[in-house]
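The next block holds one structure in the form of structure tokens; read it before the comments.
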Amino acid sequence: MHSREVRETFLSFFERRDHVRVRSSSLIPRDDPTLLFTNAGMVQFKNVFLGKEIRPYKRATSCQKCMRAGGKHNDLENVGKTHRHHTFFEMLGNFSFGNYFKREAINYAWELITEVYKLPKERIWITIFENDDEAFDIWNREIGIPSERIVRMGEKDNFWSMGDTGPCGPCSEIIFDQGEDMACGPNCDIYCGCDRFLEVWNLVFMQYNRNPDGTLEPLPSPSIDTGMGLERITAILQGKRSNYDTDLFVPIIERICDISGVSYGHSQRTDVAIRAIADHSRATAFLLAEGLMPSNEGRGYVLRRVIRRACRYGRILGIKEPFLHKVALCVVDIMGDIYPELAEARDFISKVAMMEEERFSYTLEHGLKLLDEMIEKAKSSGSDCISGEDLFKLHDTYGFPLDLVLDVAQEEGLLLDMEGYEREMQKQRERARASWVGASHVKITDVYVKLRDRHGPTAFIGYWAYEGKGKVIAIIKDGQEVEEAVTGDRVNIVLDSTPFYGESGGQVGDTGIIEGVDSVLEVVDTEKYNDLVVHACVVKNGKIKLGEDVIGRVDIEKRKNTEAHHTATHLLHKALREVLGVHVRQAGSLVSPERLRFDFTHFKGLSEEEIARVEEIVNSKIWENIEVEKFETDLDTAISMGAVALFDEKYGDRVRVVKVGDFSIELCGGTHVSRTGDIGMFKIINETSVSAGVRRIEALARDALYRYISDRLRVLKDIDSFLKAREGEELEKIEKLVKRVRELEKELEKKKEFSVVDEVDGLVDKAMDVGEFKVTYGVFENLDMGTLRDMVDKVKKRIKSGVVLLLSTGDRGVSMVVGVTQDLTDRFDARGIVEKLAPIIGGGGGGRADMAQAGGRNVERVEDLIKEFLSHMGVKV
């Protein structure tokens with residue numbers, strides 16, 4: 001069975017049993033700050049299990065992209081060393097949301113495993129939670145598994161949870177006996193964890209939610225969550241003892257062997273390297289396809305570590321040049337039709353992977369040098385151990401692999417302080433975890449959770465109306481529900497229906513007015529808790545009461561300007577993809593009445609020509625006055641229509657589509673213009689870098705652009721007046737002015753040169769003989785350090801043997817340069833002289849033995865400084 005058939009057979013099996021096939025969610029969980037990556041199929045259904053989200057189906061099946069590298073679930077260190085550990089993998093699963101429970105889940109699994117996949121029944125073992133008698137009876141009495149092949153295990157092995165908090169419950173694992181030849185020894189059994197008894201499928205009987213304090217509370221209705229690794233079941237069905245020998249990995253391994261010239265199976269050391277690179281190339285391709293960039297914190301740090309680990313293994317294979325990007329493209333070729341986001345990001349994956357590899361090439365060489373220094377430090381101090389702090393610095397700051405450190409240390413007869421390293425690593429984990437947890441604009445407290453449960457979502461009528469009636473269902477003051485609010489109170493108001501858009505998807509919240517029976521409230525912002533709209537208000541006058549009927553009026557002009565910027569953002573996104581390539585993905589946005597800000601993935605700054613082309617495309621679509629269609633459909637239909645789905649958004653099964661003719665189509669819940677002509681005009685005013693591989697464009701449209709142009713024209717008129725220029729002559733006039741300034745600067749430099757020559761002559765003439773050498777000094781006004789140094793050099797050459805002090809005073813204080821001819825540097829050090837003199841003028845400095853300089857603030861102490869200098873040189877004052 002080819003892996004494609006294995007995947008499709010599973011999904012089709014459950015579709016025929018009334019399960020809805022659900023697309024894989026993003027590898028980056030958008031609504032769960034406790035997770036670095038999506039690590040199981042149930043992550044996208046977490047809120048369904050908790051009863052916080054209702055979907056139009058009770059049964060689901062999926063093939064979920066998963067990543068286990070970093071955080072609690074971390075397989076990174078084992079990858080390559082075993083035949084079954086991976087960072088990226090695919091999780092097949094079936095789910096029941098209060099529809100069926102243990103009996104049906106167990107029977108479905110047994111039917112698929114034995115009758116469809118046709119695994120031999122006598123080689124199947126079962127594990128259950130130690131006190132789950134119900135599961136035992138189903139497996140034993142109904143399915144017919146002998147009791148000796150049903151093993152009870154404790155909470156560590158058979159009680160599954162997604163993380164420290166969230167849905168959890170007892171589980172039952174289906175184990176496949178791969179045969180005695182896979183045993184780890186004569187005493188091998190199901191408890192030892194070797195590759196003979198291989199976990200194939202985990203059936204989780206989701207009954208509880210684990211709270212932050214560790215307590216368990218029953219879920220609203222018992223549910224089912226199962227997970228079967230595609231890589232493992234494929235290996236079993238293809239008769240392979242290693243996941244890496246299946247069709248999922250063989251083409252990737254062949255590509256690695258082609259690049260390196262090393263055969264797989266040649267040696268244990270190179271086989272580990274090849275397997276690790278094969279795995280890491282998949283993780284790299286899929287994470288980059290999500291728009292994630294390598295960085296030094298959070299998820300980006302994990303991606304960087306994966307890429308660098310692969311590069312290090314490449315060195316073991318003798319690969320010195322960047323190569324991982326080539327292997328990652330092999331992943332795209334193999335899986336791009338199953339996961340279209342890979343094909344769409346092909347160029348982006350290749351370029352970013354290569355950039356990171358090139359950076360690490362230097363890091364690897366630099367790290368080796370640092371390691372040599374650390375070894376020398378340890379030996380010179382009499383220690384036989386490299387410190388934990390040094391290990392962490394190498395590994396974390398420079399991305400230097402610990403196993404390479406271990407190899408070199410062993411050669412040098414040194415140990416590694418792993419305890420000290422672990423202490424530093426724990427600090428890093430805590431810093432990384434802090435970076436995962438995002439802050440909400442609305443301070444979510446139990447009051448909002450209870451409101452949502454009590455009243456349901458707020459009805460949003462703002463797509464078609466700027467004002468509307470609503471009932472006050474909550475008044476929140478200082479985090480507590482109150483019955484009323486009076487003049488001057490700052491409160492959050494929740495209505496059952498509102499025209500106000502709550503900040504989300506990059507679009508700012510509406511402002512405006514809420515009018516009650518006897519009150520007027522200014523809405524200063526509108527935010528959201530899930531689908532509950534919260535109006536941040538100031539009571540301008542009167543009293544507003546709970547249950548009161550009110551009218552909400554959105555600030556229309558602000559909303560229209562926001563809508564113009566939002567639709568312009570969609571046009572900009574599409575234009576960037578046309579001009580720069582399909583690797584461009586939205587990486588963040590802000591849409592407000594004043595401007596739009598759009599962050600996107602790209603490797604370098606845009607040229608003036610590229611910016612002009614983007615503006616031309618966007619404006620041409622504006623001036624075509626294309627109708628902007630907005631409609632709802634199911635997610636799969638929208639994707640099949642070509643709608644762009646943003647990875648930083650979480651979508652339900654019904655989605656809102658914004659379509660601009662045949663030019664742009666995106667999933668978007670924001671508000672938009674009716675026709676592109678309503679945008680007026682579009683102009684990019686700034687393009688900068690946000691981080692490695694991420695650029696930012698700031699642009700204006702409609703009223704904001706009109707004001708911007710008006711301001712610039714006003715400035716241009718002032719320039720015309722100043723230059724006495726007619727319209728169109730400004731550049732010519734400025735060029736003439738600049739040319740004249742440069743001519744004057746050259747004339748000034750020539751005069752300064754003549755002046756310097758004269759001054760040097762004077763300094764030489766006044767030089768005083770002190771034994772066998774000369775001493776001279778001078779004080780000038782408004783000379784820069786460069787001129788002073790030049791004069792000192794000229795004087796030194798003229799006097800042959802001596803010491804020179806030159807000072808310049810001005811508005812900024814005193815500048816000082818001391819020069820000593822080379823023959824005297826063993827007697828007089830210019831640095832020492834400067835260190836002695838600089839404090840007199842309230843400053844400091846430094847330099848070389850033959851020349852040093854300093855600066856100070858106290859101009860009035862110049863005479864004292866000269867006296868000290870002459871005294872120091874043996875000149876009688």
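Simple scheme: letters A, B, ... for chains in structure tokens order, numbers from 1 for residues in each chain, numbers from 1 for ligands in the order shown.
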Give me the residues near Arg695 in chain A as a VMD selection string, where near means some atom within 7 Å (using only C-alpha atoms) and where sequence neighbours in that chain fewer than 3 positions away do not count. chain A and resid 599 to 602 688 to 690
Please produce a file of the residues just selected, as a short mmCIF file (atom, residue, chain, number, x, y, z; two decimals), in the first residue's frame, where the atoms kept are all heavy atoms.
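Writing the result to again26.cif gives the following:
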```
data_model
loop_
_atom_site.label_atom_id
_atom_site.label_comp_id
_atom_site.auth_asym_id
_atom_site.auth_seq_id
_atom_site.Cartn_x
_atom_site.Cartn_y
_atom_site.Cartn_z
N ASP A 599 2.59 43.66 6.53
CA ASP A 599 3.84 42.90 6.65
C ASP A 599 3.74 41.66 5.77
O ASP A 599 2.71 40.98 5.76
CB ASP A 599 4.08 42.47 8.10
CG ASP A 599 4.26 43.65 9.03
OD1 ASP A 599 4.47 44.78 8.52
OD2 ASP A 599 4.18 43.46 10.26
N PHE A 600 4.83 41.34 5.08
CA PHE A 600 4.79 40.21 4.15
C PHE A 600 6.16 39.55 4.05
O PHE A 600 7.19 40.16 4.34
CB PHE A 600 4.32 40.68 2.76
CG PHE A 600 5.19 41.74 2.14
CD1 PHE A 600 6.16 41.40 1.20
CD2 PHE A 600 5.05 43.06 2.49
CE1 PHE A 600 6.97 42.37 0.63
CE2 PHE A 600 5.85 44.05 1.91
CZ PHE A 600 6.83 43.70 0.98
N THR A 601 6.15 38.29 3.64
CA THR A 601 7.40 37.54 3.52
C THR A 601 8.08 37.86 2.19
O THR A 601 7.51 37.70 1.12
CB THR A 601 7.11 36.03 3.59
OG1 THR A 601 6.09 35.69 2.64
CG2 THR A 601 6.62 35.63 4.98
N HIS A 602 9.31 38.32 2.30
CA HIS A 602 10.15 38.59 1.13
C HIS A 602 11.58 38.77 1.63
O HIS A 602 11.80 39.11 2.78
CB HIS A 602 9.67 39.83 0.37
CG HIS A 602 10.32 40.00 -0.98
ND1 HIS A 602 10.32 39.00 -1.92
CD2 HIS A 602 11.01 41.04 -1.53
CE1 HIS A 602 10.94 39.42 -3.01
NE2 HIS A 602 11.39 40.64 -2.79
N THR A 688 10.01 49.08 4.56
CA THR A 688 11.14 48.83 5.46
C THR A 688 11.23 47.35 5.80
O THR A 688 10.37 46.55 5.42
CB THR A 688 10.97 49.63 6.77
OG1 THR A 688 9.72 49.27 7.38
CG2 THR A 688 11.02 51.12 6.53
N SER A 689 12.27 47.01 6.57
CA SER A 689 12.44 45.64 7.05
C SER A 689 11.87 45.53 8.45
O SER A 689 12.04 46.43 9.28
CB SER A 689 13.93 45.28 7.07
OG SER A 689 14.13 44.04 7.73
N VAL A 690 11.17 44.42 8.72
CA VAL A 690 10.67 44.13 10.06
C VAL A 690 11.61 43.16 10.77
O VAL A 690 11.97 43.35 11.92
CB VAL A 690 9.25 43.53 10.00
CG1 VAL A 690 8.76 43.13 11.39
CG2 VAL A 690 8.28 44.51 9.36
#
```
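Using only C-alpha atoms, the shortest contact distance between Gly479 in chain A and any of A:Ile106, A:Leu317, A:Val447, A:Ile124 is found at A:Val447.
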Surrounding residues of Arg595 in chain A excluding itself and chain neighbours under 5 positions, 7 Å, only C-alpha atoms, as a PyMOL selection string: chain A and resi 565+699-700+704
With C-alpha atoms retained, could you export that selection as a PDB file, in the first residue's frame?
```pdb
ATOM      1  CA  HIS A 565      -7.659  50.781   3.519  1.00  0.00           C
ATOM      2  CA  ALA A 699       0.369  53.040   2.493  1.00  0.00           C
ATOM      3  CA  LEU A 700      -2.505  55.500   2.280  1.00  0.00           C
ATOM      4  CA  ALA A 704      -5.747  59.994   4.378  1.00  0.00           C
TER       5      ALA A 704
END
```
Per-residue DSSP, range 325-419 of chain A, filtered to alpha helix (DSSP H), as a PyMOL selection string: chain A and resi 325-335+340-344+346-380+388-392+402-411+418-419
Would you mind writing down, as a PyMOL selection string, each residue of range 523-580 of chain A that DSSP on the backbone assigns to strand (DSSP E or B)? chain A and resi 523-529+532-545+549-554
Using only C-alpha atoms, which protein or nucleic acid residues come within 9 Å of Val6 in chain A? Drop anything in the same chain fewer than 2 positions from it, and give the result as an NGL selection string. :A and (1-4 or 8-11 or 117 or 230 or 233-234 or 237)
I need the residues from that last selection saved to file as an mmCIF file, in the first residue's frame (with C-alpha atoms), if you can.
```
data_model
loop_
_atom_site.group_PDB
_atom_site.id
_atom_site.type_symbol
_atom_site.label_atom_id
_atom_site.label_comp_id
_atom_site.auth_asym_id
_atom_site.auth_seq_id
_atom_site.Cartn_x
_atom_site.Cartn_y
_atom_site.Cartn_z
ATOM 1 C CA MET A 1 0.000 0.000 0.000
ATOM 2 C CA HIS A 2 1.418 3.359 -1.069
ATOM 3 C CA SER A 3 1.298 6.040 1.636
ATOM 4 C CA ARG A 4 -1.235 7.981 -0.427
ATOM 5 C CA GLU A 8 -7.004 7.999 1.645
ATOM 6 C CA THR A 9 -8.214 4.587 2.870
ATOM 7 C CA PHE A 10 -8.373 5.864 6.445
ATOM 8 C CA LEU A 11 -10.264 9.043 5.576
ATOM 9 C CA TYR A 117 -5.527 -2.856 6.445
ATOM 10 C CA LEU A 230 0.767 7.839 9.024
ATOM 11 C CA ILE A 233 1.173 2.462 9.817
ATOM 12 C CA THR A 234 2.661 2.906 6.339
ATOM 13 C CA LEU A 237 1.719 -2.089 5.723
#
```
